[in-house]
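Here is the file structure_14.txt (compact mmCIF, C-alpha atoms and all ligand atoms).
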```
# COMPACT_ATOMS: atom_id res chain seq x y z
CA MET N 708 8.99 15.06 9.40
CA ILE N 709 8.67 16.89 6.12
CA LYS N 710 10.49 20.17 5.65
CA LYS N 711 9.08 21.03 2.28
CA THR N 712 5.67 22.62 2.49
CA LYS N 713 4.76 21.76 -1.07
CA LYS N 714 1.04 21.13 -1.09
CA VAL N 715 -0.06 17.70 -2.16
CA PRO N 716 -1.81 16.59 -4.18
CA ASP N 717 -1.07 18.93 -7.12
CA SER N 718 -3.96 20.21 -9.26
CA ARG N 719 -4.14 16.87 -11.10
CA GLY N 720 -4.24 14.79 -7.96
CA HIS N 721 -0.63 13.65 -7.88
CA PHE N 722 1.29 12.97 -4.68
CA GLY N 723 4.72 12.96 -6.32
CA ARG N 724 4.53 10.08 -8.77
CA TYR N 725 1.52 8.52 -7.04
CA GLY N 726 -2.24 9.13 -7.24
CA GLY N 727 -3.86 10.67 -10.30
CA ARG N 728 -7.15 9.82 -11.97
CA PHE N 729 -7.14 6.54 -13.89
CA VAL N 730 -10.82 6.04 -14.74
CA PRO N 731 -13.02 5.53 -17.81
CA GLU N 732 -13.89 8.69 -19.75
CA THR N 733 -17.51 8.55 -18.54
CA LEU N 734 -16.46 9.28 -14.96
CA ILE N 735 -14.28 12.30 -15.63
CA PRO N 736 -17.15 14.85 -15.57
CA ALA N 737 -18.42 13.41 -12.26
CA LEU N 738 -14.98 13.63 -10.69
CA ALA N 739 -14.51 17.16 -12.00
CA GLU N 740 -17.90 18.19 -10.58
CA LEU N 741 -17.02 16.61 -7.24
CA GLU N 742 -13.65 18.34 -7.17
CA GLU N 743 -15.20 21.75 -7.93
CA THR N 744 -17.99 21.41 -5.36
CA TYR N 745 -15.63 20.16 -2.71
CA LYS N 746 -13.18 23.00 -3.34
CA LYS N 747 -16.01 25.50 -2.82
CA LEU N 748 -17.54 23.83 0.24
CA LYS N 749 -14.16 23.44 1.92
CA LYS N 750 -14.11 27.23 2.22
CA ASP N 751 -17.84 27.61 2.79
CA LYS N 752 -18.58 28.75 6.36
CA THR N 753 -22.15 27.40 6.44
CA PHE N 754 -21.07 23.95 5.26
CA GLN N 755 -18.24 23.80 7.77
CA GLN N 756 -20.53 24.97 10.59
CA GLU N 757 -23.10 22.35 9.67
CA LEU N 758 -20.39 19.70 9.62
CA ASP N 759 -18.97 20.87 12.97
CA LEU N 760 -22.41 20.68 14.54
CA LEU N 761 -22.84 17.09 13.35
CA ARG N 762 -19.33 16.19 14.49
CA ASN N 763 -20.06 17.46 17.97
CA ASN N 764 -23.66 16.41 18.48
CA TYR N 765 -24.10 13.40 16.23
CA ILE N 766 -20.73 11.66 15.87
CA GLY N 767 -19.76 12.57 19.45
CA ARG N 768 -16.60 14.57 18.84
CA PRO N 769 -14.14 15.43 20.09
CA THR N 770 -13.34 11.81 20.95
CA PRO N 771 -11.26 11.43 24.14
CA LEU N 772 -7.50 11.04 24.20
CA TYR N 773 -7.23 8.41 26.92
CA PHE N 774 -4.08 7.65 28.89
CA ALA N 775 -3.92 3.83 29.01
CA LYS N 776 -2.31 3.57 32.41
CA ASN N 777 -2.77 -0.17 32.86
CA LEU N 778 -1.38 -1.02 29.45
CA THR N 779 1.51 1.38 30.01
CA GLU N 780 2.38 -0.28 33.32
CA ARG N 781 2.05 -3.73 31.81
CA VAL N 782 4.43 -2.91 28.95
CA GLY N 783 6.80 -0.91 31.14
CA GLY N 784 8.02 1.78 28.75
CA ALA N 785 6.60 4.87 27.05
CA LYS N 786 3.28 6.36 28.12
CA ILE N 787 0.56 5.05 25.82
CA TYR N 788 -2.37 7.27 24.88
CA LEU N 789 -5.34 5.99 22.89
CA LYS N 790 -7.21 8.27 20.52
CA ARG N 791 -10.68 6.90 21.03
CA GLU N 792 -12.22 6.75 17.55
CA ASP N 793 -13.92 3.59 18.78
CA LEU N 794 -16.27 5.90 20.67
CA CYS N 795 -17.56 7.58 17.50
CA HIS N 796 -21.19 6.95 16.59
CA THR N 797 -21.33 3.59 14.72
CA GLY N 798 -18.06 2.48 16.32
CA ALA N 799 -15.20 3.66 14.11
CA HIS N 800 -13.53 6.62 12.44
CA LYS N 801 -15.28 5.91 9.12
CA ILE N 802 -18.27 8.03 10.13
CA ASN N 803 -16.09 11.19 9.98
CA ASN N 804 -15.76 10.73 6.23
CA ALA N 805 -19.23 9.31 5.62
CA ILE N 806 -21.00 12.25 7.26
CA GLY N 807 -18.77 14.68 5.32
CA GLN N 808 -19.52 13.01 1.99
CA THR N 809 -23.25 12.44 2.46
CA LEU N 810 -23.64 16.10 3.45
CA LEU N 811 -21.62 17.01 0.35
CA ALA N 812 -23.83 14.78 -1.83
CA LYS N 813 -26.93 16.51 -0.51
CA LYS N 814 -25.43 19.94 -1.32
CA MET N 815 -24.63 18.71 -4.83
CA GLY N 816 -28.31 17.93 -5.32
CA LYS N 817 -27.79 14.17 -5.54
CA THR N 818 -30.63 11.92 -4.42
CA ARG N 819 -28.73 8.67 -4.04
CA VAL N 820 -25.41 7.48 -2.61
CA ILE N 821 -23.58 4.23 -3.18
CA ALA N 822 -20.58 2.78 -1.38
CA GLU N 823 -18.38 -0.28 -1.18
CA THR N 824 -17.59 -1.94 2.11
CA GLY N 825 -15.13 -4.52 3.42
CA ALA N 826 -15.49 -4.83 7.17
CA GLY N 827 -18.98 -3.42 6.86
CA GLN N 828 -17.98 -0.37 8.87
CA HIS N 829 -17.95 2.01 5.92
CA GLY N 830 -21.25 0.58 4.71
CA VAL N 831 -22.84 1.16 8.09
CA ALA N 832 -21.34 4.64 8.27
CA THR N 833 -22.60 5.56 4.80
CA ALA N 834 -26.07 4.09 5.44
CA THR N 835 -26.13 6.13 8.65
CA GLY N 836 -25.18 9.36 6.86
CA ALA N 837 -27.75 8.65 4.13
CA ALA N 838 -30.50 8.09 6.72
CA LEU N 839 -29.49 11.29 8.49
CA VAL N 840 -29.46 13.64 5.50
CA GLY N 841 -32.21 11.82 3.57
CA LEU N 842 -30.66 10.01 0.62
CA GLU N 843 -31.34 6.68 -1.04
CA CYS N 844 -28.46 4.29 -0.32
CA GLU N 845 -27.03 1.14 -1.89
CA ILE N 846 -24.01 -0.71 -0.51
CA TYR N 847 -21.86 -3.20 -2.44
CA MET N 848 -20.18 -5.94 -0.44
CA GLY N 849 -18.25 -9.10 -1.35
CA THR N 850 -19.91 -12.43 -0.52
CA ASP N 851 -17.08 -13.48 1.81
CA ASP N 852 -17.15 -10.21 3.71
CA MET N 853 -20.94 -10.48 4.05
CA LYS N 854 -20.42 -13.82 5.76
CA ARG N 855 -17.65 -12.55 8.02
CA GLN N 856 -19.64 -9.46 8.96
CA SER N 857 -23.26 -10.58 8.89
CA LEU N 858 -24.15 -8.36 11.82
CA ASN N 859 -23.10 -5.25 9.89
CA VAL N 860 -25.14 -6.40 6.88
CA PHE N 861 -28.21 -6.49 9.08
CA ARG N 862 -27.36 -3.08 10.57
CA MET N 863 -27.17 -1.52 7.09
CA ARG N 864 -30.56 -2.96 6.18
CA LEU N 865 -32.03 -1.63 9.42
CA LEU N 866 -30.76 1.80 8.40
CA GLY N 867 -32.75 1.55 5.19
CA ALA N 868 -29.90 0.72 2.81
CA LYS N 869 -30.00 -1.85 0.06
CA VAL N 870 -27.06 -4.25 0.44
CA THR N 871 -25.98 -5.86 -2.82
CA GLU N 872 -23.85 -8.98 -2.75
CA VAL N 873 -20.79 -9.14 -5.02
CA PRO N 874 -20.05 -12.81 -5.76
CA THR N 875 -17.28 -12.19 -8.32
CA GLY N 876 -13.47 -12.31 -8.05
CA SER N 877 -12.10 -12.72 -4.57
CA ARG N 878 -15.54 -11.75 -3.19
CA THR N 879 -14.03 -9.08 -0.95
CA LEU N 880 -13.48 -5.33 -0.94
CA LYS N 881 -11.77 -4.89 -4.30
CA ASP N 882 -14.63 -6.57 -6.12
CA ALA N 883 -17.15 -4.45 -4.23
CA ILE N 884 -15.26 -1.33 -5.40
CA ASN N 885 -15.43 -2.52 -9.03
CA GLU N 886 -19.20 -2.93 -8.75
CA ALA N 887 -19.62 0.46 -7.09
CA LEU N 888 -17.58 2.11 -9.88
CA ARG N 889 -19.73 0.34 -12.47
CA ASP N 890 -22.93 1.56 -10.79
CA TRP N 891 -21.55 5.10 -10.59
CA THR N 892 -20.72 5.13 -14.30
CA THR N 893 -24.36 4.34 -15.09
CA ASN N 894 -26.09 6.52 -12.48
CA VAL N 895 -23.70 9.40 -12.14
CA ARG N 896 -26.31 12.13 -12.73
CA HIS N 897 -28.19 11.59 -9.48
CA THR N 898 -25.73 9.38 -7.56
CA HIS N 899 -22.65 10.20 -5.47
CA TYR N 900 -20.09 7.51 -4.76
CA VAL N 901 -19.01 7.67 -1.10
CA LEU N 902 -15.52 6.15 -1.23
CA GLY N 903 -14.46 4.93 2.18
CA THR N 904 -10.75 5.62 2.38
CA VAL N 905 -7.89 7.78 1.05
CA PHE N 906 -7.79 5.87 -2.22
CA GLY N 907 -9.21 5.92 -5.75
CA PRO N 908 -9.18 8.72 -8.33
CA HIS N 909 -8.57 12.37 -7.44
CA PRO N 910 -10.14 14.09 -5.47
CA TYR N 911 -10.97 11.19 -3.12
CA PRO N 912 -7.55 10.70 -1.47
CA ALA N 913 -7.33 14.40 -0.56
CA MET N 914 -11.00 14.85 0.32
CA VAL N 915 -11.18 11.80 2.61
CA ARG N 916 -7.92 12.89 4.26
CA ASP N 917 -9.44 16.30 4.96
CA PHE N 918 -12.57 14.78 6.50
CA GLN N 919 -10.42 12.51 8.71
CA SER N 920 -7.89 15.19 9.67
CA VAL N 921 -10.16 16.12 12.58
CA ILE N 922 -8.58 13.14 14.41
CA GLY N 923 -5.09 14.62 14.38
CA THR N 924 -6.23 18.19 14.95
CA GLU N 925 -8.01 17.11 18.13
CA ALA N 926 -5.24 14.78 19.29
CA ARG N 927 -2.65 17.52 18.95
CA LYS N 928 -4.62 19.91 21.16
CA GLN N 929 -5.44 17.15 23.63
CA ILE N 930 -1.87 15.94 24.13
CA LEU N 931 -0.60 19.49 24.56
CA ARG N 932 -3.24 20.03 27.22
CA ALA N 933 -2.50 16.72 28.97
CA GLU N 934 1.30 16.64 28.77
CA GLY N 935 2.38 20.13 27.77
CA LYS N 936 4.38 18.68 24.88
CA LEU N 937 4.01 16.82 21.62
CA PRO N 938 4.22 13.01 21.51
CA ASP N 939 7.38 11.14 20.47
CA CYS N 940 5.59 8.60 18.38
CA LEU N 941 2.28 8.07 16.54
CA ILE N 942 1.01 4.64 15.54
CA ALA N 943 -2.00 3.63 13.44
CA CYS N 944 -3.12 0.68 11.33
CA VAL N 945 -3.21 1.10 7.55
CA GLY N 946 -5.86 -0.41 5.34
CA GLY N 947 -6.55 2.13 2.62
CA GLY N 948 -4.91 4.55 4.99
CA SER N 949 -7.55 7.01 6.21
CA ASN N 950 -7.43 6.71 10.00
CA SER N 951 -3.63 6.86 9.94
CA ILE N 952 -3.41 9.89 7.62
CA GLY N 953 -6.18 11.50 9.67
CA LEU N 954 -4.02 11.27 12.77
CA PHE N 955 -0.61 11.85 11.18
CA CYS N 956 -1.36 14.86 8.99
CA ALA N 957 -1.57 17.29 11.92
CA PHE N 958 1.98 16.34 12.94
CA LEU N 959 3.80 16.11 9.62
CA LYS N 960 5.88 19.21 10.20
CA ASP N 961 7.01 18.06 13.65
CA LYS N 962 9.89 15.82 14.48
CA ILE N 963 7.83 12.82 15.47
CA LYS N 964 8.24 9.17 14.64
CA MET N 965 5.18 7.88 12.81
CA ILE N 966 4.45 4.23 12.16
CA GLY N 967 1.82 2.77 9.85
CA VAL N 968 0.95 -0.87 10.53
CA GLU N 969 -0.24 -3.05 7.67
CA ALA N 970 -1.79 -6.51 7.84
CA GLY N 971 0.91 -9.19 7.93
CA GLY N 972 -1.71 -11.96 7.77
CA LEU N 973 -0.06 -15.36 8.01
CA GLY N 974 3.38 -13.85 7.33
CA ILE N 975 4.97 -12.26 4.25
CA GLU N 976 6.57 -15.51 3.02
CA SER N 977 3.16 -17.24 3.05
CA GLY N 978 1.86 -14.78 0.45
CA LYS N 979 -1.29 -14.55 2.57
CA HIS N 980 -1.16 -10.95 3.78
CA ALA N 981 -1.99 -7.37 2.81
CA ALA N 982 1.40 -5.72 3.45
CA ARG N 983 1.69 -3.62 0.31
CA PHE N 984 5.04 -2.06 1.19
CA ALA N 985 6.60 -5.33 2.29
CA GLY N 986 5.38 -7.32 -0.71
CA GLY N 987 4.05 -4.94 -3.37
CA SER N 988 5.24 -2.84 -6.27
CA LEU N 989 4.09 0.20 -8.22
CA GLY N 990 0.91 -0.24 -10.24
CA VAL N 991 -2.40 1.29 -11.29
CA PHE N 992 -5.49 -0.07 -9.62
CA GLN N 993 -9.04 1.22 -9.14
CA GLY N 994 -8.37 4.77 -10.18
CA CYS N 995 -4.90 5.59 -8.96
CA MET N 996 -1.20 4.84 -9.09
CA SER N 997 0.15 3.31 -5.90
CA TYR N 998 1.83 0.30 -4.33
CA LEU N 999 -0.02 -2.84 -5.27
CA LEU N 1000 0.18 -6.55 -4.51
CA GLN N 1001 0.52 -7.99 -8.00
CA ASP N 1002 2.26 -10.81 -9.85
CA GLY N 1003 4.89 -10.37 -12.58
CA ASP N 1004 2.18 -9.85 -15.22
CA GLY N 1005 0.41 -7.15 -13.24
CA ASN N 1006 -2.45 -9.38 -12.09
CA VAL N 1007 -3.71 -8.29 -8.70
CA LEU N 1008 -2.96 -10.88 -6.04
CA GLY N 1009 -5.39 -12.22 -3.49
CA THR N 1010 -4.90 -10.82 0.01
CA HIS N 1011 -5.54 -12.14 3.46
CA SER N 1012 -6.03 -10.60 6.87
CA VAL N 1013 -7.97 -11.61 9.96
CA SER N 1014 -9.43 -8.08 9.76
CA ALA N 1015 -11.62 -7.35 6.74
CA GLY N 1016 -10.81 -3.63 6.98
CA LEU N 1017 -7.11 -4.13 6.27
CA ASP N 1018 -7.65 -6.78 3.60
CA TYR N 1019 -6.95 -4.77 0.44
CA ALA N 1020 -4.36 -5.10 -2.35
CA SER N 1021 -3.39 -1.43 -2.58
CA ILE N 1022 -2.79 1.57 -0.34
CA GLY N 1023 -3.56 5.29 -0.47
CA PRO N 1024 -1.14 7.20 -2.76
CA GLU N 1025 -0.21 9.77 -0.11
CA HIS N 1026 1.23 6.97 2.01
CA CYS N 1027 3.64 6.06 -0.81
CA TYR N 1028 4.64 9.69 -1.10
CA LEU N 1029 5.23 10.06 2.66
CA LYS N 1030 7.15 6.80 2.76
CA ASP N 1031 9.49 8.04 0.02
CA LEU N 1032 10.04 11.24 2.05
CA LYS N 1033 10.77 9.07 5.10
CA ALA N 1034 8.08 10.96 7.02
CA ILE N 1035 6.31 7.72 7.94
CA GLU N 1036 7.71 4.24 8.57
CA TYR N 1037 5.69 1.16 7.71
CA THR N 1038 5.64 -2.21 9.31
CA TYR N 1039 3.12 -5.01 9.72
CA ALA N 1040 1.56 -7.16 12.41
CA THR N 1041 0.45 -10.74 11.72
CA ASP N 1042 -2.99 -12.18 12.45
CA ASP N 1043 -1.62 -13.90 15.56
CA GLU N 1044 -0.02 -10.72 16.87
CA ALA N 1045 -3.25 -8.79 16.29
CA LEU N 1046 -5.31 -11.46 18.06
CA LYS N 1047 -2.96 -11.31 21.06
CA ALA N 1048 -3.27 -7.53 21.19
CA PHE N 1049 -7.08 -7.88 20.93
CA ASP N 1050 -7.01 -9.93 24.16
CA LEU N 1051 -4.39 -7.76 25.83
CA LEU N 1052 -6.27 -4.47 25.47
CA SER N 1053 -9.55 -6.09 26.48
CA ARG N 1054 -8.03 -7.42 29.70
CA THR N 1055 -5.78 -4.56 30.73
CA GLU N 1056 -8.05 -1.63 29.86
CA GLY N 1057 -11.53 -3.07 29.44
CA ILE N 1058 -11.49 -1.87 25.84
CA THR N 1059 -12.01 -4.42 23.07
CA PRO N 1060 -10.45 -2.98 19.92
CA ALA N 1061 -11.47 -3.67 16.34
CA LEU N 1062 -9.15 -6.31 14.86
CA GLU N 1063 -7.83 -3.59 12.54
CA SER N 1064 -6.88 -1.38 15.48
CA ALA N 1065 -5.42 -4.42 17.27
CA HIS N 1066 -2.66 -4.39 14.61
CA ALA N 1067 -1.68 -0.92 15.82
CA ILE N 1068 -1.83 -2.03 19.45
CA ALA N 1069 0.49 -4.97 18.67
CA GLU N 1070 3.11 -2.63 17.22
CA THR N 1071 2.62 -0.16 20.08
CA VAL N 1072 3.59 -2.81 22.61
CA ASN N 1073 6.81 -3.56 20.68
CA VAL N 1074 7.74 0.10 20.36
CA ALA N 1075 6.74 1.27 23.86
CA GLU N 1076 8.84 -1.42 25.49
CA LYS N 1077 12.01 0.05 24.00
CA MET N 1078 11.25 3.66 24.86
CA PRO N 1079 11.95 5.54 28.11
CA VAL N 1080 9.10 6.05 30.59
CA ASP N 1081 8.88 9.78 29.90
CA ALA N 1082 8.30 9.22 26.18
CA ILE N 1083 4.77 9.48 24.78
CA ILE N 1084 3.01 7.39 22.17
CA ILE N 1085 -0.40 8.13 20.67
CA VAL N 1086 -2.06 5.16 19.04
CA ASN N 1087 -5.18 5.56 17.00
CA LEU N 1088 -7.86 3.20 18.24
CA SER N 1089 -9.70 3.33 14.93
CA GLY N 1090 -12.69 1.25 15.99
CA ARG N 1091 -14.31 -0.95 18.58
CA GLY N 1092 -14.25 -4.72 18.54
CA ASP N 1093 -17.93 -5.59 18.92
CA LYS N 1094 -18.17 -6.46 15.22
CA ASP N 1095 -15.27 -8.93 15.57
CA VAL N 1096 -16.28 -10.81 18.69
CA MET N 1097 -18.06 -13.61 16.79
CA GLU N 1098 -15.13 -14.07 14.40
CA VAL N 1099 -12.60 -14.20 17.24
CA ALA N 1100 -14.73 -16.78 19.06
CA ARG N 1101 -14.83 -18.85 15.85
CA ILE N 1102 -11.03 -18.66 15.47
CA LYS N 1103 -10.61 -19.75 19.09
CA GLY N 1104 -12.96 -22.66 18.45
CA ILE N 1105 -15.54 -21.39 20.91
CA GLU N 1106 -19.19 -21.95 20.02
CA LEU N 1107 -21.50 -19.12 21.03
C1 LIG P 1 -11.89 0.32 7.70
C2 LIG P 1 -11.18 0.30 8.96
C3 LIG P 1 -9.78 0.47 9.01
C4 LIG P 1 -8.92 0.59 7.78
O1 LIG P 1 -9.19 1.68 6.96
P1 LIG P 1 -8.24 2.95 6.88
O2 LIG P 1 -8.76 3.70 5.72
O3 LIG P 1 -6.85 2.46 6.68
O4 LIG P 1 -8.36 3.69 8.15
C5 LIG P 1 -9.18 0.50 10.24
N1 LIG P 1 -9.88 0.36 11.38
C6 LIG P 1 -11.22 0.18 11.38
C7 LIG P 1 -11.93 0.02 12.67
C8 LIG P 1 -11.91 0.15 10.17
O5 LIG P 1 -13.23 -0.01 10.18
```
Translate the structure described by the file into structure tokens.
Amino acid sequence: MIKKTKKVPDSRGHFGRYGGRFVPETLIPALAELEETYKKLKKDKTFQQELDLLRNNYIGRPTPLYFAKNLTERVGGAKIYLKREDLCHTGAHKINNAIGQTLLAKKMGKTRVIAETGAGQHGVATATGAALVGLECEIYMGTDDMKRQSLNVFRMRLLGAKVTEVPTGSRTLKDAINEALRDWTTNVRHTHYVLGTVFGPHPYPAMVRDFQSVIGTEARKQILRAEGKLPDCLIACVGGGSNSIGLFCAFLKDKIKMIGVEAGGLGIESGKHAARFAGGSLGVFQGCMSYLLQDGDGNVLGTHSVSAGLDYASIGPEHCYLKDLKAIEYTYATDDEALKAFDLLSRTEGITPALESAHAIAETVNVAEKMPVDAIIIVNLSGRGDKDVMEVARIKGIEL
């Protein structure tokens, strides 16, 4: 819970000591233009109405808040509710932001959008938004992620996007972001960069949060309708941090326990993980100041997670700020724990979660167990698991 109602970020994009705008000079005018346009459109009734219409009739909002009775009984503790972002068009919460930003790009008079993608979900969401509003689209993706998520690569191409392979560095998300930033620097006059999470230079962390805040706004109304009271605990997985902030931000002034779950990979000691709070330190990376997995010389470390969407070396600046205020607690789930939760939710509820969301489910089981039966937990089911089925089969040694 935060008592202070100080608005973050401040006018320069700072969440306390985090955030900011650490980019080459050439990008400053583009970010300033984006900030100005967004500020105007945020208050613009026509834009908001247009966005609402698309949320309702295209994305499929509001998404249900589902009482997971079987899982609750299995665990034998608090009542577990799932916020069903997996039911959004294209299968995850990322579309909430992508539709917002592609619509924004159109209003700014841009003709082209670019994006980076890790799991492929943000690429698919952006390609979808671009097809919908009529924009040219190019998606940057690391070679390794393209292999892990070949189905999503094909989906993006079906949607008319150009998918460009990034074979440099660790060949994952961070390298794709570097390429996207490079492209944007060159093509900034007619191109908008659709950043996929609450990260990067101001105004992205705030703007993406706003587009995702619909999750929490809905969940709050839905739980009050269903239970007549607020939940005791909120849980969500944290990659860059957009689905979690989207859920949490509607409850920040309430006395509610909130838990962000990072990717513990093969364990913190192994060094093969993406738990920025457990193993990182303060640093500047890809446009903003935040917690970062780095060595003593400030070189960014390689990360690992079974889920491509959580496999990133840094975390949204607002998360650092809220951690310092003790408004949100952070923990992690390992690959093995996430894989177990992937099976558990599939079998108990008939819902196969994305491997990212499975991290949140794993923590939910631990927490629910220790809570009384009249307590309530809302867990954000950020996406569906269809995209991960092949990878899980491969890990289990099953040939399809
Ligand atoms: C990308 C992704 C995430 C992680 O991103 P956040 O910005 O932390 O929400 C989580 N779940 C799914 C299904 C994703 O596609």
TODO: Find the residues near ligand LIG 1 (chain P). Use a cut-off of 6 Å, count only C-alpha atoms and all ligand atoms, and write them as JSON, numbers by chain.
DONE: {"N": [799, 828, 904, 945, 946, 947, 948, 949, 950, 951, 1016, 1017, 1061, 1063, 1064, 1089, 1090]}
Within 7 Å of (-6.0, -10.9, 7.3), all atoms listed in the file: residues as a PDB file with C-alpha atoms, in the frame of the given file?
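This went into result.pdb:
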```pdb
ATOM      1  CA  ALA N 970      -1.790  -6.510   7.840  1.00  0.00           C
ATOM      2  CA  GLY N 972      -1.710 -11.960   7.770  1.00  0.00           C
ATOM      3  CA  HIS N 980      -1.160 -10.950   3.780  1.00  0.00           C
ATOM      4  CA  ALA N 981      -1.990  -7.370   2.810  1.00  0.00           C
ATOM      5  CA  HIS N1011      -5.540 -12.140   3.460  1.00  0.00           C
ATOM      6  CA  SER N1012      -6.030 -10.600   6.870  1.00  0.00           C
ATOM      7  CA  VAL N1013      -7.970 -11.610   9.960  1.00  0.00           C
ATOM      8  CA  SER N1014      -9.430  -8.080   9.760  1.00  0.00           C
ATOM      9  CA  ALA N1015     -11.620  -7.350   6.740  1.00  0.00           C
ATOM     10  CA  LEU N1017      -7.110  -4.130   6.270  1.00  0.00           C
ATOM     11  CA  ASP N1018      -7.650  -6.780   3.600  1.00  0.00           C
ATOM     12  CA  ASP N1042      -2.990 -12.180  12.450  1.00  0.00           C
TER      13      ASP N1042
END
```
Task: For N:Leu1062, the nearest of the candidates N:Lys747, N:Arg927, N:His897, N:Arg1091, counting all atoms listed in the file - done: N:Arg1091
Task: Neighbour list for N:Glu732 as a PyMOL selection string, cut-off 10 Å, only C-alpha atoms, skip fewer than 4 positions in-chain - done: chain N and resi 736-737+892
Open item on the list: I want to know what sits within 8 Å of N:Arg916, based on only C-alpha atoms, with residues of the same chain fewer than 3 positions away left out; could you give that as a PyMOL selection string?
Closed with: chain N and resi 905+912-913+919-920+949+952-953
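Between N:Gly1023 and the residues N:Ile930, N:His909, N:Thr818, N:Leu1051, the shortest atom-to-atom distance, using only C-alpha atoms, involves N:His909.
Using only C-alpha atoms, the smallest distance between any of N:Glu757, N:Glu1056, N:Glu740, N:Asp852 and N:Met815 comes from N:Glu740.
Restricting the calculation to only C-alpha atoms, the smallest distance between N:Ile787 and any of N:Ile963, N:Ile922, N:Ile1102, N:Ile942 is found for N:Ile942.
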Open item on the list: Considering only C-alpha atoms, can you say which of N:Ala775, N:Leu1029, N:Ile975, N:Ala1020 comes closest to N:Ile1085?
Closed with: N:Ala775
Open item on the list: Show me, as JSON, numbers by chain, the residues that have an atom within 12 Å of stretch 959-962 of chain N when counting only C-alpha atoms, minus same-chain residues fewer than 3 positions from it.
Closed with: {"N": [708, 709, 710, 711, 712, 713, 920, 923, 924, 927, 936, 937, 938, 939, 940, 941, 951, 952, 953, 954, 955, 956, 965, 1029, 1032, 1033, 1034, 1035]}
For those residues, write C-alpha atoms to a file as a compact mmCIF listing (two decimals), keeping the file's coordinate frame.
```txt
# COMPACT_ATOMS: atom_id res chain seq x y z
CA MET N 708 8.99 15.06 9.40
CA ILE N 709 8.67 16.89 6.12
CA LYS N 710 10.49 20.17 5.65
CA LYS N 711 9.08 21.03 2.28
CA THR N 712 5.67 22.62 2.49
CA LYS N 713 4.76 21.76 -1.07
CA SER N 920 -7.89 15.19 9.67
CA GLY N 923 -5.09 14.62 14.38
CA THR N 924 -6.23 18.19 14.95
CA ARG N 927 -2.65 17.52 18.95
CA LYS N 936 4.38 18.68 24.88
CA LEU N 937 4.01 16.82 21.62
CA PRO N 938 4.22 13.01 21.51
CA ASP N 939 7.38 11.14 20.47
CA CYS N 940 5.59 8.60 18.38
CA LEU N 941 2.28 8.07 16.54
CA SER N 951 -3.63 6.86 9.94
CA ILE N 952 -3.41 9.89 7.62
CA GLY N 953 -6.18 11.50 9.67
CA LEU N 954 -4.02 11.27 12.77
CA PHE N 955 -0.61 11.85 11.18
CA CYS N 956 -1.36 14.86 8.99
CA MET N 965 5.18 7.88 12.81
CA LEU N 1029 5.23 10.06 2.66
CA LEU N 1032 10.04 11.24 2.05
CA LYS N 1033 10.77 9.07 5.10
CA ALA N 1034 8.08 10.96 7.02
CA ILE N 1035 6.31 7.72 7.94
```
Task: Atom-to-atom span, atom CA of N:Thr770 and atom CA of N:Glu843, Å - done: 28.9 Å
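Using all atoms listed in the file, the smallest distance between any of N:Thr893, N:Thr744, N:Ser997, N:Ser718 and N:Leu811 comes from N:Thr744.
In this model, the gap between atom CA of N:Val870 and atom CA of N:Ile846 comes to 4.8 Å.
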TODO: Could you please give me, as an NGL selection string, the residues of protein, DNA or RNA lying at most 6 Å from (-2.3, 1.5, 12.6) in the coordinate frame of the file, considering all atoms listed in the file?
DONE: :N and (942-945 or 967-968 or 1067)
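Atom CA of N:Leu842 to atom CA of N:Arg791 spans 28.7 Å [interatomic distance, one decimal].
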- [ ] Find the residues around N:Lys786 up to 8 Å (only C-alpha atoms counted), leave out those fewer than 4 positions away in its own chain, and share them as a ChimeraX atom specification.
- [x] /N:774-776,779,1075,1080-1084
Residues of the last selection are to be written out with C-alpha atoms, as a compact mmCIF listing (two decimals), keeping the file's coordinate frame.
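Final file, selection29.txt:
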```txt
# COMPACT_ATOMS: atom_id res chain seq x y z
CA PHE N 774 -4.08 7.65 28.89
CA ALA N 775 -3.92 3.83 29.01
CA LYS N 776 -2.31 3.57 32.41
CA THR N 779 1.51 1.38 30.01
CA ALA N 1075 6.74 1.27 23.86
CA VAL N 1080 9.10 6.05 30.59
CA ASP N 1081 8.88 9.78 29.90
CA ALA N 1082 8.30 9.22 26.18
CA ILE N 1083 4.77 9.48 24.78
CA ILE N 1084 3.01 7.39 22.17
```
